[in-house]
$ cat protein.cif   # mmCIF, C-alpha atoms
data_protein
loop_
_atom_site.group_PDB
_atom_site.id
_atom_site.type_symbol
_atom_site.label_atom_id
_atom_site.label_comp_id
_atom_site.auth_asym_id
_atom_site.auth_seq_id
_atom_site.Cartn_x
_atom_site.Cartn_y
_atom_site.Cartn_z
ATOM 1 C CA MET A 1449 52.666 -103.464 -17.048
ATOM 2 C CA PRO A 1450 54.985 -104.833 -14.341
ATOM 3 C CA ARG A 1451 53.600 -106.535 -11.257
ATOM 4 C CA ALA A 1452 53.528 -104.575 -8.029
ATOM 5 C CA ALA A 1453 56.298 -105.533 -5.612
ATOM 6 C CA GLN A 1454 55.291 -107.628 -2.632
ATOM 7 C CA PRO A 1455 55.905 -106.250 0.838
ATOM 8 C CA PRO A 1456 58.748 -107.837 2.821
ATOM 9 C CA HIS A 1457 57.881 -111.457 3.605
ATOM 10 C CA LEU A 1458 59.529 -114.621 4.902
ATOM 11 C CA VAL A 1459 60.793 -117.339 2.582
ATOM 12 C CA TRP A 1460 62.280 -120.699 3.523
ATOM 13 C CA ILE A 1461 65.733 -121.328 2.084
ATOM 14 C CA LYS A 1462 66.187 -125.088 1.818
ATOM 15 C CA PRO A 1463 69.255 -126.834 3.210
ATOM 16 C CA LYS A 1464 72.010 -127.443 0.655
ATOM 17 C CA TYR A 1465 73.860 -130.740 0.307
ATOM 18 C CA ASN A 1466 77.001 -131.664 -1.581
ATOM 19 C CA LYS A 1467 75.830 -133.686 -4.616
ATOM 20 C CA GLU A 1468 78.833 -136.018 -4.534
ATOM 21 C CA THR A 1469 79.174 -136.750 -0.837
ATOM 22 C CA GLY A 1470 75.662 -136.001 0.352
ATOM 23 C CA LYS A 1471 77.085 -133.959 3.251
ATOM 24 C CA LEU A 1472 75.187 -130.972 4.561
ATOM 25 C CA VAL A 1473 76.793 -127.790 3.197
ATOM 26 C CA SER A 1474 74.331 -125.224 4.508
ATOM 27 C CA ARG A 1475 71.434 -125.580 6.941
ATOM 28 C CA GLY A 1476 68.002 -124.317 5.943
ATOM 29 C CA TYR A 1477 66.936 -120.919 7.305
ATOM 30 C CA TRP A 1478 64.244 -118.270 7.160
ATOM 31 C CA ALA A 1479 65.089 -115.221 5.068
ATOM 32 C CA ILE A 1480 63.304 -111.919 4.527
ATOM 33 C CA LYS A 1481 62.597 -111.298 0.867
ATOM 34 C CA HIS A 1482 62.000 -107.723 -0.222
ATOM 35 C CA LYS A 1483 61.956 -107.041 -3.943
ATOM 36 C CA SER A 1484 64.985 -108.992 -5.198
ATOM 37 C CA LYS A 1485 66.941 -108.812 -1.926
ATOM 38 C CA LEU A 1486 67.226 -111.706 0.545
ATOM 39 C CA THR A 1487 68.231 -110.986 4.146
ATOM 40 C CA SER A 1488 68.972 -113.964 6.384
ATOM 41 C CA THR A 1489 67.320 -114.117 9.782
ATOM 42 C CA GLY A 1490 69.759 -116.810 10.897
ATOM 43 C CA LEU A 1491 66.862 -118.834 12.288
ATOM 44 C CA GLY A 1492 65.973 -122.443 11.504
ATOM 45 C CA PHE A 1493 62.639 -123.975 10.550
ATOM 46 C CA GLU A 1494 61.389 -124.400 14.131
ATOM 47 C CA HIS A 1495 61.840 -120.694 14.905
ATOM 48 C CA ARG A 1496 59.216 -119.255 12.560
ATOM 49 C CA ASP A 1497 57.756 -116.918 15.225
ATOM 50 C CA GLU A 1498 61.137 -115.350 15.945
ATOM 51 C CA ALA A 1499 61.782 -115.009 12.211
ATOM 52 C CA GLU A 1500 58.429 -113.242 11.875
ATOM 53 C CA LYS A 1501 59.508 -110.779 14.594
ATOM 54 C CA LYS A 1502 62.734 -110.102 12.679
ATOM 55 C CA ARG A 1503 60.691 -109.518 9.516
ATOM 56 C CA HIS A 1504 58.544 -107.045 11.417
ATOM 57 C CA GLU A 1505 61.638 -105.223 12.743
ATOM 58 C CA TYR A 1506 63.019 -105.116 9.194
ATOM 59 C CA GLU A 1507 59.778 -103.606 7.909
ATOM 60 C CA VAL A 1508 59.638 -101.020 10.704
ATOM 61 C CA ALA A 1509 63.229 -99.976 9.977
ATOM 62 C CA LEU A 1510 62.455 -99.838 6.255
ATOM 63 C CA TYR A 1511 59.433 -97.568 6.687
ATOM 64 C CA ALA A 1512 61.074 -95.448 9.402
ATOM 65 C CA GLU A 1513 63.422 -94.136 6.717
ATOM 66 C CA GLN A 1514 60.559 -93.285 4.350
ATOM 67 C CA PRO A 1515 58.471 -90.081 4.618
ATOM 68 C CA LEU A 1516 54.825 -90.685 5.589
ATOM 69 C CA SER A 1517 53.536 -89.142 2.364
ATOM 70 C CA GLU A 1518 55.433 -91.756 0.306
ATOM 71 C CA ILE A 1519 54.132 -94.651 2.410
ATOM 72 C CA VAL A 1520 50.509 -93.542 2.061
ATOM 73 C CA ALA A 1521 50.983 -92.783 -1.658
ATOM 74 C CA GLU A 1522 52.127 -96.397 -2.153
ATOM 75 C CA HIS A 1523 48.648 -97.511 -1.136
ATOM 76 C CA GLY A 1524 46.880 -95.259 -3.625
ATOM 77 C CA LYS A 1525 45.993 -92.154 -1.626
ATOM 78 C CA GLY A 1526 47.931 -89.239 -0.319
ATOM 79 C CA VAL A 1527 47.633 -88.019 3.274
ATOM 80 C CA TRP A 1528 46.041 -84.839 1.933
ATOM 81 C CA ASP A 1529 43.172 -86.888 0.378
ATOM 82 C CA ILE A 1530 42.041 -88.662 3.553
ATOM 83 C CA LEU A 1531 39.773 -86.690 5.880
ATOM 84 C CA VAL A 1532 40.133 -87.178 9.630
ATOM 85 C CA VAL A 1533 36.336 -87.154 9.955
ATOM 86 C CA ASP A 1534 36.147 -90.188 7.649
ATOM 87 C CA LEU A 1535 38.587 -92.084 9.858
ATOM 88 C CA ILE A 1536 36.652 -91.209 13.019
ATOM 89 C CA THR A 1537 33.354 -92.224 11.395
ATOM 90 C CA TYR A 1538 34.872 -95.498 10.214
ATOM 91 C CA TYR A 1539 36.127 -96.210 13.737
ATOM 92 C CA VAL A 1540 32.745 -95.476 15.315
ATOM 93 C CA HIS A 1541 30.888 -97.698 12.823
ATOM 94 C CA ARG A 1542 33.394 -100.490 13.303
ATOM 95 C CA HIS A 1543 32.976 -100.397 17.125
ATOM 96 C CA GLU A 1544 29.223 -99.779 17.151
ATOM 97 C CA LYS A 1545 28.439 -102.880 19.247
ATOM 98 C CA LYS A 1546 30.967 -101.906 21.934
ATOM 99 C CA ILE A 1547 29.521 -98.400 22.070
ATOM 100 C CA GLU A 1548 25.962 -99.707 22.380
ATOM 101 C CA ALA A 1549 27.043 -101.992 25.244
ATOM 102 C CA LYS A 1550 28.227 -99.023 27.351
ATOM 103 C CA SER A 1551 26.130 -97.689 30.204
ATOM 104 C CA LYS A 1552 23.957 -94.662 29.441
ATOM 105 C CA ASP A 1553 26.360 -92.177 31.101
ATOM 106 C CA ARG A 1554 29.495 -93.665 29.537
ATOM 107 C CA LYS A 1555 27.829 -93.772 26.122
ATOM 108 C CA ARG A 1556 26.836 -90.108 26.440
ATOM 109 C CA ASP A 1557 30.398 -89.120 27.418
ATOM 110 C CA TYR A 1558 31.842 -91.194 24.578
ATOM 111 C CA LEU A 1559 29.491 -89.701 21.980
ATOM 112 C CA ASN A 1560 30.210 -86.181 23.278
ATOM 113 C CA THR A 1561 33.921 -86.833 22.808
ATOM 114 C CA VAL A 1562 33.340 -88.139 19.282
ATOM 115 C CA GLU A 1563 31.226 -85.092 18.492
ATOM 116 C CA ARG A 1564 33.982 -82.736 19.718
ATOM 117 C CA LEU A 1565 36.476 -84.576 17.523
ATOM 118 C CA LEU A 1566 34.180 -84.396 14.488
ATOM 119 C CA ARG A 1567 33.540 -80.668 14.946
ATOM 120 C CA PHE A 1568 37.206 -79.785 15.335
ATOM 121 C CA TRP A 1569 38.561 -81.991 12.536
ATOM 122 C CA ALA A 1570 35.737 -81.267 10.051
ATOM 123 C CA GLY A 1571 37.244 -80.516 6.636
ATOM 124 C CA LYS A 1572 40.803 -81.293 7.774
ATOM 125 C CA SER A 1573 42.904 -83.998 6.168
ATOM 126 C CA VAL A 1574 45.335 -86.412 7.793
ATOM 127 C CA TYR A 1575 48.105 -84.232 6.371
ATOM 128 C CA GLU A 1576 47.049 -81.453 8.750
ATOM 129 C CA ILE A 1577 47.641 -83.533 11.885
ATOM 130 C CA ASN A 1578 50.718 -82.119 13.576
ATOM 131 C CA GLU A 1579 51.871 -80.826 16.958
ATOM 132 C CA ARG A 1580 50.186 -77.442 16.465
ATOM 133 C CA SER A 1581 46.798 -78.825 15.389
ATOM 134 C CA LEU A 1582 46.797 -81.313 18.268
ATOM 135 C CA ALA A 1583 47.581 -78.512 20.725
ATOM 136 C CA GLN A 1584 44.737 -76.447 19.217
ATOM 137 C CA TYR A 1585 42.317 -79.341 19.673
ATOM 138 C CA GLN A 1586 43.412 -79.886 23.282
ATOM 139 C CA ALA A 1587 43.050 -76.183 24.054
ATOM 140 C CA THR A 1588 39.539 -76.003 22.585
ATOM 141 C CA ALA A 1589 38.441 -79.236 24.265
ATOM 142 C CA ARG A 1590 39.894 -78.200 27.628
ATOM 143 C CA ASN A 1591 38.394 -74.711 27.538
ATOM 144 C CA GLY A 1592 34.940 -76.114 26.795
ATOM 145 C CA MET A 1593 34.648 -74.233 23.508
ATOM 146 C CA PHE A 1594 32.579 -77.093 22.121
ATOM 147 C CA GLU A 1595 29.129 -77.279 23.562
ATOM 148 C CA SER A 1596 27.757 -80.777 23.366
ATOM 149 C CA ALA A 1597 24.627 -81.318 21.324
ATOM 150 C CA VAL A 1598 24.260 -84.976 22.317
ATOM 151 C CA VAL A 1599 21.808 -84.876 25.147
ATOM 152 C CA GLY A 1600 19.244 -87.586 25.891
ATOM 153 C CA VAL A 1601 21.000 -90.766 24.759
ATOM 154 C CA THR A 1602 18.567 -93.642 24.801
#
$ encode --input "protein.cif" --output "structure tokens"
Amino acid sequence: MPRAAQPPHLVWIKPKYNKETGKLVSRGYWAIKHKSKLTSTGLGFEHRDEAEKKRHEYEVALYAEQPLSEIVAEHGKGVWDILVVDLITYYVHRHEKKIEAKSKDRKRDYLNTVERLLRFWAGKSVYEINERSLAQYQATARNGMFESAVVGVT
């Protein structure tokens, strides 16, 4: 079974010298390696941060050409397999300390917003997020169609 390809990353290409004369033939530089392709950044050793920015731009351009479903499928799941509710729950659990630190009123408002999101997106996958579904959510949230069940936050 072949190894999985690494994402685009920086590699240092060493300077090259003429074996006979010892003269510098080519300066060292950072290059972006993706699969078997090397793309020069044109930046020397001391410019690692700038080379990293170029690598990031390369990666953004690379994925901008790819459909979202292919990008997500590369990581083992399709956009139709991931539920929006799971993402919201993950986010809330990850930021639990920040939420707890909020004042009582702000915490209540925040939890009401999360509850509205959970009710609307229940059973929907990431694949179903589009302009129409976002407009539907905004219309229901704006019209007060969701009554909040979070009351006495302690």
$ closest_residue --input "protein.cif" --among "A:Leu1491, A:Leu1535, A:Ile1577, A:Leu1582" --to "Arg1475 in chain A" --atoms "only C-alpha atoms"
A:Leu1491
$ atom_distance --input "protein.cif" --atom1 "CA of Ala1589 in chain A" --atom2 "CA of Val1532 in chain A"
16.7 Å
$ atom_distance --input "protein.cif" --atom1 "CA of Gln1586 in chain A" --atom2 "CA of Trp1569 in chain A"
12.0 Å
$ axis_aligned_box --input "protein.cif" --around "range 1505-1512 of chain A" --padding-each-side "3 Å" --output "lines of an AutoDock Vina configuration file"
center_x = 61.3
center_y = -100.3
center_z = 9.5
size_x = 9.8
size_y = 15.8
size_z = 12.5
$ closest_residue --input "protein.cif" --among "A:Gly1476, A:Ala1453, A:Ile1530, A:His1543" --to "His1495 in chain A" --atoms "all atoms listed in the file"
A:Gly1476
$ atom_distance --input "protein.cif" --atom1 "CA of Ala1587 in chain A" --atom2 "CA of Asp1553 in chain A"
24.2 Å
$ residues_near_point --input "protein.cif" --point "(64.2, -120.1, 4.6)" --cutoff "7 Å" --atoms "all atoms listed in the file" --output "JSON list (two decimals) with C-alpha atoms, in the coordinates of the input"
[["chain", "number", "residue", "atom", "x", "y", "z"],
["A", 1459, "VAL", "CA", 60.79, -117.34, 2.58],
["A", 1460, "TRP", "CA", 62.28, -120.70, 3.52],
["A", 1461, "ILE", "CA", 65.73, -121.33, 2.08],
["A", 1462, "LYS", "CA", 66.19, -125.09, 1.82],
["A", 1476, "GLY", "CA", 68.00, -124.32, 5.94],
["A", 1477, "TYR", "CA", 66.94, -120.92, 7.30],
["A", 1478, "TRP", "CA", 64.24, -118.27, 7.16],
["A", 1479, "ALA", "CA", 65.09, -115.22, 5.07]]
$ resolve_selection --input "protein.cif" --expression "the PyMOL selection byres ((chain A and resi 1485) around 12)" --output "compact mmCIF listing (two decimals) with C-alpha atoms, in the coordinates of the input"
# COMPACT_ATOMS: atom_id res chain seq x y z
CA ALA A 1453 56.30 -105.53 -5.61
CA GLN A 1454 55.29 -107.63 -2.63
CA PRO A 1455 55.90 -106.25 0.84
CA PRO A 1456 58.75 -107.84 2.82
CA HIS A 1457 57.88 -111.46 3.60
CA LEU A 1458 59.53 -114.62 4.90
CA VAL A 1459 60.79 -117.34 2.58
CA ALA A 1479 65.09 -115.22 5.07
CA ILE A 1480 63.30 -111.92 4.53
CA LYS A 1481 62.60 -111.30 0.87
CA HIS A 1482 62.00 -107.72 -0.22
CA LYS A 1483 61.96 -107.04 -3.94
CA SER A 1484 64.98 -108.99 -5.20
CA LEU A 1486 67.23 -111.71 0.55
CA THR A 1487 68.23 -110.99 4.15
CA SER A 1488 68.97 -113.96 6.38
$ residues_around --input "protein.cif" --residues "Asp1534 in chain A" --least-positions-apart "3" --cutoff "10 Å" --atoms "only C-alpha atoms" --output "ChimeraX atom specification"
/A:1530-1531,1537-1540,1566,1569-1571,1573-1574
$ build_atoms --input "protein.cif" --residues "range 1529-1543 of chain A" --atoms "N, CA, C and O atoms" --output "PDB file, in the coordinates of the input"
ATOM      1  N   ASP A1529      44.462 -86.456   0.929  1.00  0.00           N
ATOM      2  CA  ASP A1529      43.172 -86.888   0.378  1.00  0.00           C
ATOM      3  C   ASP A1529      42.263 -87.539   1.419  1.00  0.00           C
ATOM      4  O   ASP A1529      41.080 -87.724   1.186  1.00  0.00           O
ATOM      5  N   ILE A1530      42.808 -87.928   2.557  1.00  0.00           N
ATOM      6  CA  ILE A1530      42.041 -88.662   3.553  1.00  0.00           C
ATOM      7  C   ILE A1530      41.610 -87.691   4.652  1.00  0.00           C
ATOM      8  O   ILE A1530      42.436 -87.059   5.295  1.00  0.00           O
ATOM      9  N   LEU A1531      40.304 -87.590   4.858  1.00  0.00           N
ATOM     10  CA  LEU A1531      39.773 -86.690   5.880  1.00  0.00           C
ATOM     11  C   LEU A1531      39.750 -87.386   7.237  1.00  0.00           C
ATOM     12  O   LEU A1531      39.403 -88.564   7.343  1.00  0.00           O
ATOM     13  N   VAL A1532      40.112 -86.646   8.268  1.00  0.00           N
ATOM     14  CA  VAL A1532      40.133 -87.178   9.630  1.00  0.00           C
ATOM     15  C   VAL A1532      38.728 -87.606  10.031  1.00  0.00           C
ATOM     16  O   VAL A1532      38.544 -88.644  10.673  1.00  0.00           O
ATOM     17  N   VAL A1533      37.733 -86.845   9.625  1.00  0.00           N
ATOM     18  CA  VAL A1533      36.336 -87.154   9.955  1.00  0.00           C
ATOM     19  C   VAL A1533      35.954 -88.533   9.405  1.00  0.00           C
ATOM     20  O   VAL A1533      35.254 -89.298  10.073  1.00  0.00           O
ATOM     21  N   ASP A1534      36.440 -88.865   8.221  1.00  0.00           N
ATOM     22  CA  ASP A1534      36.147 -90.188   7.649  1.00  0.00           C
ATOM     23  C   ASP A1534      36.751 -91.301   8.503  1.00  0.00           C
ATOM     24  O   ASP A1534      36.133 -92.346   8.707  1.00  0.00           O
ATOM     25  N   LEU A1535      37.951 -91.085   8.999  1.00  0.00           N
ATOM     26  CA  LEU A1535      38.587 -92.084   9.858  1.00  0.00           C
ATOM     27  C   LEU A1535      37.833 -92.255  11.171  1.00  0.00           C
ATOM     28  O   LEU A1535      37.639 -93.374  11.641  1.00  0.00           O
ATOM     29  N   ILE A1536      37.399 -91.151  11.755  1.00  0.00           N
ATOM     30  CA  ILE A1536      36.652 -91.209  13.019  1.00  0.00           C
ATOM     31  C   ILE A1536      35.317 -91.930  12.796  1.00  0.00           C
ATOM     32  O   ILE A1536      34.925 -92.800  13.575  1.00  0.00           O
ATOM     33  N   THR A1537      34.636 -91.584  11.720  1.00  0.00           N
ATOM     34  CA  THR A1537      33.354 -92.224  11.395  1.00  0.00           C
ATOM     35  C   THR A1537      33.532 -93.721  11.175  1.00  0.00           C
ATOM     36  O   THR A1537      32.754 -94.533  11.673  1.00  0.00           O
ATOM     37  N   TYR A1538      34.572 -94.080  10.448  1.00  0.00           N
ATOM     38  CA  TYR A1538      34.872 -95.498  10.214  1.00  0.00           C
ATOM     39  C   TYR A1538      35.076 -96.219  11.542  1.00  0.00           C
ATOM     40  O   TYR A1538      34.539 -97.302  11.770  1.00  0.00           O
ATOM     41  N   TYR A1539      35.849 -95.607  12.436  1.00  0.00           N
ATOM     42  CA  TYR A1539      36.127 -96.210  13.737  1.00  0.00           C
ATOM     43  C   TYR A1539      34.834 -96.406  14.527  1.00  0.00           C
ATOM     44  O   TYR A1539      34.607 -97.473  15.104  1.00  0.00           O
ATOM     45  N   VAL A1540      33.993 -95.391  14.551  1.00  0.00           N
ATOM     46  CA  VAL A1540      32.745 -95.476  15.315  1.00  0.00           C
ATOM     47  C   VAL A1540      31.844 -96.576  14.748  1.00  0.00           C
ATOM     48  O   VAL A1540      31.285 -97.379  15.506  1.00  0.00           O
ATOM     49  N   HIS A1541      31.715 -96.647  13.434  1.00  0.00           N
ATOM     50  CA  HIS A1541      30.888 -97.698  12.823  1.00  0.00           C
ATOM     51  C   HIS A1541      31.450 -99.088  13.106  1.00  0.00           C
ATOM     52  O   HIS A1541      30.704-100.034  13.336  1.00  0.00           O
ATOM     53  N   ARG A1542      32.756 -99.197  13.078  1.00  0.00           N
ATOM     54  CA  ARG A1542      33.394-100.490  13.303  1.00  0.00           C
ATOM     55  C   ARG A1542      33.217-100.967  14.737  1.00  0.00           C
ATOM     56  O   ARG A1542      33.173-102.158  15.000  1.00  0.00           O
ATOM     57  N   HIS A1543      33.113-100.047  15.708  1.00  0.00           N
ATOM     58  CA  HIS A1543      32.976-100.397  17.125  1.00  0.00           C
ATOM     59  C   HIS A1543      31.577-100.106  17.661  1.00  0.00           C
ATOM     60  O   HIS A1543      31.389 -99.885  18.861  1.00  0.00           O
TER      61      HIS A1543
END
